[in-house]
>>> print(open('target_39.tsv').read())   # TSV, C-alpha atoms
chain	number	residue	atom	x	y	z
A	10	MET	CA	0.00	0.00	0.00
A	11	LEU	CA	1.25	3.49	-0.85
A	12	VAL	CA	-0.60	5.15	1.99
A	13	LYS	CA	0.10	3.90	5.49
A	14	LYS	CA	-3.11	3.32	7.43
A	15	GLU	CA	-3.02	4.74	10.95
A	16	ARG	CA	-4.36	2.45	13.63
A	17	ILE	CA	-4.41	2.72	17.40
A	18	PRO	CA	-1.31	4.77	18.41
A	19	VAL	CA	-0.05	2.14	20.84
A	20	MET	CA	3.49	3.50	21.23
A	21	HIS	CA	2.24	7.04	21.78
A	22	ILE	CA	-0.16	5.81	24.45
A	23	VAL	CA	2.57	3.75	26.19
A	24	LEU	CA	5.32	6.37	26.02
A	25	ILE	CA	3.30	9.56	26.56
A	26	GLY	CA	-0.30	8.67	27.37
A	27	MET	CA	0.61	6.86	30.59
A	28	LEU	CA	2.42	9.90	31.99
A	29	PRO	CA	0.77	12.25	34.49
A	30	SER	CA	-1.10	15.17	32.98
A	31	PHE	CA	1.50	17.80	33.89
A	32	LEU	CA	4.35	15.86	32.23
A	33	LYS	CA	2.23	15.18	29.17
A	34	LYS	CA	1.49	18.89	28.82
A	35	MET	CA	5.21	19.72	29.13
A	36	ILE	CA	6.05	17.31	26.31
A	37	TYR	CA	3.22	18.58	24.13
A	38	ARG	CA	4.25	22.21	24.67
A	39	PHE	CA	7.82	21.27	23.74
A	40	ARG	CA	6.39	19.84	20.50
A	41	GLY	CA	4.74	23.20	19.77
A	42	TYR	CA	1.21	22.52	21.00
A	43	LYS	CA	-0.55	25.55	22.46
A	44	ILE	CA	-2.06	24.49	25.80
A	45	GLY	CA	-3.93	26.84	28.11
A	46	LYS	CA	-4.44	26.93	31.87
A	47	ASN	CA	-6.14	24.22	33.93
A	48	VAL	CA	-6.07	21.68	31.10
A	49	SER	CA	-6.36	18.04	32.20
A	50	ILE	CA	-5.32	15.13	29.96
A	51	SER	CA	-6.14	11.95	31.89
A	52	LEU	CA	-4.22	8.69	32.18
A	53	GLY	CA	-3.86	6.96	28.82
A	54	ALA	CA	-5.30	9.92	26.89
A	55	VAL	CA	-3.30	11.34	23.98
A	56	VAL	CA	-3.51	14.24	21.55
A	57	ILE	CA	-1.71	13.79	18.23
A	58	GLY	CA	-1.53	16.52	15.60
A	59	LYS	CA	0.66	18.88	13.61
A	60	LYS	CA	-1.10	22.10	14.60
A	61	VAL	CA	-2.74	21.82	18.03
A	62	SER	CA	-4.41	24.42	20.24
A	63	ILE	CA	-6.08	23.41	23.52
A	64	ASN	CA	-7.52	26.28	25.50
A	65	ASP	CA	-8.24	26.90	29.19
A	66	GLY	CA	-10.21	24.45	31.29
A	67	VAL	CA	-10.32	21.59	28.76
A	68	LYS	CA	-10.67	18.07	30.23
A	69	ILE	CA	-9.86	14.96	28.21
A	70	GLY	CA	-10.92	11.66	29.75
A	71	PHE	CA	-9.26	8.34	30.51
A	72	PHE	CA	-7.76	6.53	27.46
A	73	THR	CA	-9.23	8.95	24.92
A	74	ILE	CA	-7.53	9.54	21.56
A	75	VAL	CA	-7.71	12.90	19.76
A	76	ARG	CA	-5.86	12.79	16.45
A	77	GLY	CA	-5.86	15.11	13.43
A	78	LYS	CA	-3.61	17.36	11.37
A	79	GLU	CA	-5.27	20.49	12.77
A	80	ILE	CA	-6.87	20.40	16.22
A	81	THR	CA	-8.52	23.32	17.98
A	82	ILE	CA	-10.32	22.72	21.28
A	83	GLU	CA	-11.75	25.87	22.83
A	84	ARG	CA	-12.33	26.69	26.52
A	85	PHE	CA	-14.09	24.39	28.98
A	86	VAL	CA	-14.62	21.52	26.54
A	87	LYS	CA	-15.06	18.10	28.13
A	88	ILE	CA	-14.30	14.86	26.31
A	89	GLY	CA	-15.27	11.67	28.12
A	90	ALA	CA	-13.32	8.48	28.72
A	91	MET	CA	-12.46	5.96	26.00
A	92	SER	CA	-13.61	8.13	23.11
A	93	VAL	CA	-11.87	8.47	19.75
A	94	ILE	CA	-11.80	11.61	17.60
A	95	ASP	CA	-9.73	10.88	14.50
A	96	THR	CA	-10.12	13.05	11.41
A	97	GLU	CA	-8.08	15.59	9.43
A	98	LYS	CA	-9.42	18.82	10.96
A	99	ILE	CA	-11.07	19.07	14.38
A	100	PHE	CA	-12.67	22.21	15.79
A	101	ILE	CA	-14.60	21.98	19.07
A	102	ASP	CA	-15.98	25.26	20.38
A	103	GLU	CA	-16.23	26.28	24.04
A	104	ASP	CA	-18.38	24.41	26.56
A	105	ALA	CA	-19.00	21.58	24.08
A	106	ARG	CA	-19.08	18.06	25.47
A	107	ILE	CA	-18.37	14.64	24.00
A	108	ASN	CA	-19.36	11.86	26.35
A	109	GLU	CA	-17.81	8.46	26.97
A	110	GLN	CA	-17.22	5.88	24.24
A	111	VAL	CA	-18.00	8.11	21.27
A	112	TYR	CA	-16.23	7.19	18.02
A	113	ILE	CA	-15.55	9.91	15.45
A	114	GLY	CA	-13.54	8.69	12.48
A	115	GLY	CA	-13.46	6.43	9.46
A	116	MET	CA	-12.38	6.82	5.85
A	117	LYS	CA	-10.36	10.02	5.41
A	118	THR	CA	-10.21	12.49	2.53
A	119	PRO	CA	-8.54	15.93	2.23
A	120	GLN	CA	-11.94	17.43	3.15
A	121	SER	CA	-12.48	15.33	6.29
A	122	SER	CA	-13.40	17.58	9.22
A	123	LEU	CA	-15.53	17.93	12.32
A	124	HIS	CA	-16.85	21.28	13.55
A	125	LEU	CA	-18.78	21.33	16.84
A	126	GLY	CA	-20.41	24.59	17.93
A	127	LYS	CA	-20.59	26.10	21.39
A	128	ARG	CA	-22.39	24.10	24.09
A	129	THR	CA	-23.03	21.15	21.78
A	130	ILE	CA	-23.12	17.63	23.17
A	131	ILE	CA	-22.58	14.18	21.65
A	132	MET	CA	-23.74	11.44	23.99
A	133	GLN	CA	-22.48	7.93	24.64
A	134	MET	CA	-21.90	5.27	22.01
A	135	SER	CA	-22.54	7.52	19.00
A	136	TYR	CA	-20.63	6.94	15.75
A	137	ILE	CA	-19.75	9.96	13.60
A	138	ASN	CA	-18.12	9.42	10.20
A	139	PRO	CA	-16.59	12.69	8.90
A	140	THR	CA	-15.20	11.44	5.59
A	141	LEU	CA	-16.57	14.75	4.31
A	142	PRO	CA	-17.24	17.73	6.60
A	143	ILE	CA	-19.68	17.43	9.48
A	144	THR	CA	-20.83	20.71	11.01
A	145	ILE	CA	-23.02	20.88	14.12
A	146	GLY	CA	-24.25	24.31	15.21
A	147	ASP	CA	-24.31	25.93	18.65
A	148	ASP	CA	-26.51	24.43	21.39
A	149	SER	CA	-27.32	21.27	19.45
A	150	GLY	CA	-27.62	17.90	21.14
A	151	ILE	CA	-26.82	14.47	19.68
A	152	GLY	CA	-28.23	11.60	21.73
A	153	GLY	CA	-26.54	8.28	22.36
A	154	HIS	CA	-26.32	5.57	19.71
A	155	CYS	CA	-26.73	8.11	16.89
A	156	LEU	CA	-25.07	7.44	13.54
A	157	PHE	CA	-23.77	10.05	11.07
A	158	PHE	CA	-22.38	8.89	7.71
A	159	THR	CA	-21.00	11.24	5.05
A	160	HIS	CA	-20.41	8.37	2.66
A	161	GLY	CA	-22.55	5.46	1.59
A	162	SER	CA	-21.11	2.78	-0.65
A	163	TRP	CA	-20.49	-0.95	-0.87
A	164	ASN	CA	-21.61	-2.59	-4.11
A	165	SER	CA	-20.13	-1.42	-7.42
A	166	GLN	CA	-21.25	1.93	-8.80
A	167	LEU	CA	-20.27	0.60	-12.21
A	168	GLU	CA	-23.03	-1.99	-11.86
A	169	GLY	CA	-25.63	0.61	-11.03
A	170	PHE	CA	-25.53	0.53	-7.24
A	171	PRO	CA	-25.84	3.87	-5.39
A	172	VAL	CA	-22.67	5.56	-4.10
A	173	LYS	CA	-22.83	8.90	-2.32
A	174	PHE	CA	-20.25	11.13	-0.67
A	175	ALA	CA	-21.64	14.37	0.81
A	176	PRO	CA	-21.25	16.55	3.95
A	177	ILE	CA	-23.75	16.77	6.81
A	178	THR	CA	-24.82	20.05	8.41
A	179	LEU	CA	-26.93	20.63	11.52
A	180	GLY	CA	-28.03	24.13	12.44
A	181	LYS	CA	-28.29	25.70	15.87
A	182	LYS	CA	-30.44	24.24	18.66
A	183	VAL	CA	-31.06	20.97	16.85
A	184	TRP	CA	-32.07	18.04	19.04
A	185	LEU	CA	-31.54	14.45	17.95
A	186	PRO	CA	-32.63	12.00	20.67
A	187	TRP	CA	-31.17	8.52	20.87
A	188	ARG	CA	-30.72	6.23	17.87
A	189	VAL	CA	-31.10	8.69	15.00
A	190	PHE	CA	-29.37	7.76	11.71
A	191	VAL	CA	-28.31	10.70	9.50
A	192	MET	CA	-27.39	9.90	5.89
A	193	PRO	CA	-24.90	11.68	3.56
A	194	GLY	CA	-25.82	15.12	2.27
A	195	VAL	CA	-28.48	15.91	4.90
A	196	ASN	CA	-29.01	19.48	6.11
A	197	ILE	CA	-31.11	19.99	9.24
A	198	GLY	CA	-32.23	23.57	9.91
A	199	ASP	CA	-32.09	25.56	13.14
A	200	GLU	CA	-34.28	24.57	16.10
A	201	CYS	CA	-35.40	21.24	14.69
A	202	VAL	CA	-36.40	18.28	16.85
A	203	ILE	CA	-36.11	14.76	15.43
A	204	GLY	CA	-37.96	11.78	16.89
A	205	ALA	CA	-35.99	8.87	18.37
A	206	ASN	CA	-35.14	5.93	16.09
A	207	SER	CA	-35.56	8.07	12.97
A	208	LEU	CA	-33.72	7.73	9.66
A	209	ILE	CA	-32.90	11.10	8.08
A	210	THR	CA	-32.43	10.76	4.32
A	211	SER	CA	-33.31	14.29	3.15
A	212	ASP	CA	-33.17	17.89	4.34
A	213	ILE	CA	-35.34	19.04	7.25
A	214	PRO	CA	-36.36	22.74	7.22
A	215	ALA	CA	-35.79	24.97	10.25
A	216	ASN	CA	-38.28	24.99	13.14
A	217	SER	CA	-39.68	21.57	12.33
A	218	LEU	CA	-40.61	18.45	14.25
A	219	ALA	CA	-39.78	15.36	12.18
A	220	ALA	CA	-39.78	11.61	12.80
A	221	GLY	CA	-40.04	8.26	11.04
A	222	ASN	CA	-38.18	5.85	8.81
A	223	PRO	CA	-37.55	7.70	6.59
A	224	ALA	CA	-38.28	10.83	8.62
A	225	LYS	CA	-41.01	13.21	7.52
A	226	VAL	CA	-41.94	16.65	8.82
A	227	LEU	CA	-44.80	16.26	11.29
A	228	LYS	CA	-45.09	19.86	12.40
A	229	GLU	CA	-43.79	23.20	11.09
A	230	ASN	CA	-43.35	26.51	12.93
A	231	PHE	CA	-42.24	24.45	15.91
A	232	PRO	CA	-42.23	25.04	18.86
A	233	LYS	CA	-44.98	27.31	20.18
A	234	ARG	CA	-43.35	30.06	22.27
A	235	PRO	CA	-44.60	30.39	25.88
A	236	ASP	CA	-46.00	33.69	27.15
A	237	GLU	CA	-44.31	35.58	29.99
A	238	SER	CA	-46.62	34.17	32.65
A	239	SER	CA	-45.87	30.60	31.60
A	240	LYS	CA	-42.16	31.37	31.45
A	241	SER	CA	-42.26	32.76	35.02
A	242	ALA	CA	-43.85	29.54	36.24
A	243	MET	CA	-41.19	27.49	34.42
A	244	ILE	CA	-38.35	29.50	35.99
A	245	ALA	CA	-39.89	29.10	39.45
A	246	ASN	CA	-40.11	25.35	38.87
A	247	ILE	CA	-36.45	25.13	37.82
A	248	PHE	CA	-35.34	26.96	40.97
A	249	SER	CA	-37.55	24.73	43.12
A	250	ASP	CA	-36.00	21.62	41.56
A	251	PHE	CA	-32.51	23.11	41.94
A	252	PHE	CA	-32.89	23.78	45.67
A	253	GLU	CA	-34.42	20.34	46.19
A	254	TYR	CA	-31.38	18.86	44.40
A	255	LEU	CA	-28.96	20.82	46.62
A	256	GLU	CA	-30.77	19.68	49.78
A	257	TYR	CA	-30.57	16.10	48.56
A	258	CYS	CA	-26.80	16.62	48.15
A	259	GLY	CA	-26.48	17.71	51.80
A	260	PHE	CA	-26.77	21.49	51.56
A	261	HIS	CA	-28.97	23.72	53.71
A	262	ILE	CA	-31.00	26.42	51.93
A	263	THR	CA	-32.34	29.61	53.53
A	264	THR	CA	-34.51	31.73	51.22
A	265	ASN	CA	-35.76	35.29	51.79
A	266	ASN	CA	-37.94	37.41	49.55
A	267	ILE	CA	-36.51	40.69	48.30
A	268	PRO	CA	-38.09	43.32	46.05
A	269	ASN	CA	-38.65	41.73	42.62
A	270	GLY	CA	-37.05	38.42	43.53
A	271	PHE	CA	-35.44	36.34	46.25
A	272	LYS	CA	-32.12	35.79	48.00
A	273	ALA	CA	-30.98	32.27	48.96
A	274	THR	CA	-28.07	31.28	51.18
A	275	VAL	CA	-26.61	27.84	50.48
A	276	THR	CA	-24.38	26.22	53.14
A	277	GLY	CA	-22.88	22.77	53.52
A	278	ASN	CA	-19.88	20.62	52.63
A	279	GLU	CA	-17.66	23.38	54.05
A	280	LYS	CA	-18.94	25.80	51.39
A	281	SER	CA	-21.21	28.82	51.47
A	282	SER	CA	-22.79	30.60	48.52
A	283	THR	CA	-25.40	33.29	47.96
A	284	ILE	CA	-27.86	33.13	45.07
A	285	ILE	CA	-29.86	36.24	44.18
A	286	TYR	CA	-32.65	36.26	41.60
A	287	ILE	CA	-34.21	39.52	40.37
A	288	THR	CA	-36.86	40.14	37.73
A	289	ASN	CA	-35.53	43.63	36.92
A	290	THR	CA	-32.00	45.01	36.59
A	291	SER	CA	-31.81	46.90	39.88
A	292	TYR	CA	-29.83	45.55	42.82
A	293	GLN	CA	-27.83	47.70	45.23
A	294	GLU	CA	-26.67	45.50	48.10
A	295	LYS	CA	-22.93	44.95	48.51
A	296	VAL	CA	-21.85	41.35	48.02
A	297	SER	CA	-18.89	39.15	48.96
A	298	GLY	CA	-17.88	35.52	48.73
A	299	ASP	CA	-19.20	33.05	46.17
A	300	THR	CA	-22.23	35.02	45.01
A	301	VAL	CA	-24.42	34.52	41.95
A	302	LEU	CA	-26.75	37.19	40.57
A	303	ILE	CA	-29.41	35.85	38.20
A	304	CYS	CA	-31.39	38.43	36.23
A	305	ARG	CA	-34.59	37.63	34.42
A	306	ASP	CA	-33.66	40.03	31.64
A	307	ALA	CA	-30.30	41.84	31.38
A	308	ASP	CA	-28.29	42.75	28.30
A	309	ALA	CA	-24.56	42.19	27.93
A	310	SER	CA	-23.55	45.61	29.27
A	311	THR	CA	-25.73	45.15	32.38
A	312	VAL	CA	-24.33	41.67	33.00
A	313	ASN	CA	-20.77	43.03	32.76
A	314	LYS	CA	-21.63	45.94	35.06
A	315	PHE	CA	-22.89	43.59	37.76
A	316	ARG	CA	-19.86	41.36	37.25
A	317	LYS	CA	-17.55	44.29	38.03
A	318	GLU	CA	-19.41	44.73	41.32
A	319	ASN	CA	-17.72	41.55	42.60
A	320	PHE	CA	-20.39	38.98	41.82
A	321	HIS	CA	-18.60	35.73	41.09
A	322	THR	CA	-21.16	34.87	38.40
A	323	VAL	CA	-23.88	36.90	36.69
A	324	ILE	CA	-26.53	35.20	34.54
A	325	SER	CA	-29.23	36.67	32.29
A	326	ILE	CA	-31.95	34.09	31.67
A	327	ASN	CA	-33.90	35.69	28.82
A	328	ASN	CA	-30.74	36.70	26.95
A	329	ASN	CA	-28.88	33.43	27.62
A	330	LEU	CA	-25.77	35.23	28.84
A	331	ARG	CA	-23.30	34.64	31.65
A	332	SER	CA	-20.12	36.17	33.00
A	333	GLY	CA	-17.69	34.89	35.62
A	334	THR	CA	-17.10	31.55	37.24
A	335	GLY	CA	-17.65	30.16	40.71
A	336	ASP	CA	-18.81	26.95	42.31
A	337	ALA	CA	-22.44	28.02	42.66
A	338	GLY	CA	-22.54	29.68	39.24
A	339	GLU	CA	-21.20	26.58	37.49
A	340	GLU	CA	-23.72	24.41	39.36
A	341	ILE	CA	-26.64	26.65	38.38
A	342	ALA	CA	-25.55	26.84	34.72
A	343	ALA	CA	-25.25	23.06	34.57
A	344	PHE	CA	-28.65	22.58	36.23
A	345	PHE	CA	-30.42	25.00	33.87
A	346	SER	CA	-28.96	23.06	30.95
A	347	ARG	CA	-31.09	20.08	32.06
A	348	TYR	CA	-34.03	22.15	30.86
A	349	GLY	CA	-32.29	23.16	27.64
A	350	VAL	CA	-31.39	26.64	28.93
A	351	ARG	CA	-27.74	27.37	28.11
A	352	PHE	CA	-25.72	30.53	28.51
A	353	SER	CA	-23.09	32.15	26.26
A	354	ARG	CA	-19.94	33.28	28.08
A	355	LEU	CA	-19.12	36.98	27.94
A	356	ASP	CA	-15.66	36.54	29.49
>>> encode(input="target_39.tsv", output="structure tokens")
Amino acid sequence: MLVKKERIPVMHIVLIGMLPSFLKKMIYRFRGYKIGKNVSISLGAVVIGKKVSINDGVKIGFFTIVRGKEITIERFVKIGAMSVIDTEKIFIDEDARINEQVYIGGMKTPQSSLHLGKRTIIMQMSYINPTLPITIGDDSGIGGHCLFFTHGSWNSQLEGFPVKFAPITLGKKVWLPWRVFVMPGVNIGDECVIGANSLITSDIPANSLAAGNPAKVLKENFPKRPDESSKSAMIANIFSDFFEYLEYCGFHITTNNIPNGFKATVTGNEKSSTIIYITNTSYQEKVSGDTVLICRDADASTVNKFRKENFHTVISINNNLRSGTGDAGEEIAAFFSRYGVRFSRLD
């Protein structure tokens, strides 16, 4: 064979992958990799590339392989244990997550690439084949056991059998539950929801609900937007569930009403945090410690203004914005994501 086929990089795993994270990072930096602060590359995990940039807060799990000619992993990305990402160009935007035992690879071409948007997630046991480019937009979710193929071929094209090579594109806020099969050349528009166990063979327009084998559009202009009263009830329910979750985890919650909102003190496990929720953009009290301010509706400049007033984390629910980090803020952001509410970082 003229072209050497790359298999599991056993020697790289043995010689470098088994080292502690800090030694691995030293070796990779010596090789010219750009590696930010608080990056963790777990036991057995390796990153192999010619042009590599790994930004702050990235965590790569146990015995995971990331391999490509060009690799860019932005801030706070998490890649689970025993996953493989092996294609020519890899771009994973900030806060994206790839869970355990995901395989991304297969036949390679000069166009092979994977582009994951901000806050995307690919769940366990999915298989992604980026022979041609696969692009997944911000805030999209790929359930477990999903299959993406950018090429379909086996029997001879010269005998009349179908052969297709084509990229796959998913827009923003697309949701594929478990066991969805996406065929070559498919484009799925923004804010689409696909039913579980569906086979996607053709394009799905934006704001659609589709399902079936093959999938068909069941509903357009989807979803119906809730009014402000309904949204208030939903937010109250999320907070109620959040505090119940914290109490289950051993924390004590004290809540007091304040004008246009509430103030909660969370104590336990040798930690103390203050969570303040307001439905307007007016709050004057001085704060200290691990404090989170959550505004119902605040623009970017207002979020940044509050952040400068020493709040560890400031969140705007309606505008899906956040600034700052802290234990309580990270916990709240992660909990809201259970309900599909995700926040863009301003810092």
>>> closest_atom_pairs(input="target_39.tsv", of="region 18-46 of chain A", to="region 59-82 of chain A", cutoff="8 Å", atoms="all atoms listed in the file", output="JSON lines")
{"residue": "A:Gly26", "atom": "CA", "partner": "A:Phe72", "partner_atom": "CA", "distance": 7.8}
{"residue": "A:Gly41", "atom": "CA", "partner": "A:Val61", "partner_atom": "CA", "distance": 7.8}
{"residue": "A:Tyr42", "atom": "CA", "partner": "A:Val61", "partner_atom": "CA", "distance": 5.0}
{"residue": "A:Lys43", "atom": "CA", "partner": "A:Ser62", "partner_atom": "CA", "distance": 4.6}
{"residue": "A:Ile44", "atom": "CA", "partner": "A:Ile63", "partner_atom": "CA", "distance": 4.7}
{"residue": "A:Gly45", "atom": "CA", "partner": "A:Asp65", "partner_atom": "CA", "distance": 4.4}
{"residue": "A:Lys46", "atom": "CA", "partner": "A:Asp65", "partner_atom": "CA", "distance": 4.7}
>>> residues_around(input="target_39.tsv", residues="Ser281 (chain A)", least_positions_apart="2", cutoff="10 Å", atoms="all atoms listed in the file", output="PyMOL selection string")
chain A and resi 260-261+274-279+283+298-300+336-337
>>> closest_residue(input="target_39.tsv", among="A:Asn164, A:Thr129, A:Ser332, A:Thr322", to="Asp148 (chain A)", atoms="all atoms listed in the file")
A:Thr129
>>> residues_near_point(input="target_39.tsv", point="(-34.2, 5.8, 12.7)", cutoff="12 Å", atoms="only C-alpha atoms", output="VMD selection string")
chain A and resid 154 to 157 185 to 192 203 to 210 219 to 225
>>> atom_distance(input="target_39.tsv", atom1="CA of Gly150 (chain A)", atom2="CA of Ile324 (chain A)")
21.9 Å
>>> closest_atom_pairs(input="target_39.tsv", of="region 135-181 of chain A", to="region 96-100 of chain A", cutoff="12 Å", atoms="only C-alpha atoms", output="CSV")
residue,atom,partner,partner_atom,distance
A:Ile137,CA,A:Thr96,CA,10.3
A:Asn138,CA,A:Thr96,CA,8.9
A:Pro139,CA,A:Thr96,CA,6.9
A:Thr140,CA,A:Thr96,CA,7.9
A:Leu141,CA,A:Thr96,CA,9.7
A:Pro142,CA,A:Lys98,CA,9.0
A:Ile143,CA,A:Ile99,CA,10.0
A:Thr144,CA,A:Phe100,CA,9.6
A:Ile145,CA,A:Phe100,CA,10.6
A:Gly146,CA,A:Phe100,CA,11.8
>>> write_last_selection(input="target_39.tsv", atoms="C-alpha atoms", output="PDB file, in the frame of the given file")
ATOM      1  CA  ILE A 137     -19.750   9.960  13.600  1.00  0.00           C
ATOM      2  CA  ASN A 138     -18.120   9.420  10.200  1.00  0.00           C
ATOM      3  CA  PRO A 139     -16.590  12.690   8.900  1.00  0.00           C
ATOM      4  CA  THR A 140     -15.200  11.440   5.590  1.00  0.00           C
ATOM      5  CA  LEU A 141     -16.570  14.750   4.310  1.00  0.00           C
ATOM      6  CA  PRO A 142     -17.240  17.730   6.600  1.00  0.00           C
ATOM      7  CA  ILE A 143     -19.680  17.430   9.480  1.00  0.00           C
ATOM      8  CA  THR A 144     -20.830  20.710  11.010  1.00  0.00           C
ATOM      9  CA  ILE A 145     -23.020  20.880  14.120  1.00  0.00           C
ATOM     10  CA  GLY A 146     -24.250  24.310  15.210  1.00  0.00           C
TER      11      GLY A 146
END
>>> atom_distance(input="target_39.tsv", atom1="CA of Arg38 (chain A)", atom2="CA of Arg354 (chain A)")
26.8 Å
>>> residues_around(input="target_39.tsv", residues="region 241-257 of chain A", least_positions_apart="5", cutoff="10 Å", atoms="all atoms listed in the file", output="list of chain:residue names")
A:Pro235, A:Asp236, A:Ile262, A:Thr263, A:Thr264, A:Ala273, A:Val275, A:Thr276, A:Gly277, A:Tyr286, A:Thr288, A:Arg305, A:Ile326, A:Glu340, A:Ile341, A:Phe344, A:Phe345, A:Arg347, A:Tyr348
>>> closest_residue(input="target_39.tsv", among="A:Leu52, A:Leu123, A:Ile101, A:Ile284", to="Phe85 (chain A)", atoms="only C-alpha atoms")
A:Ile101
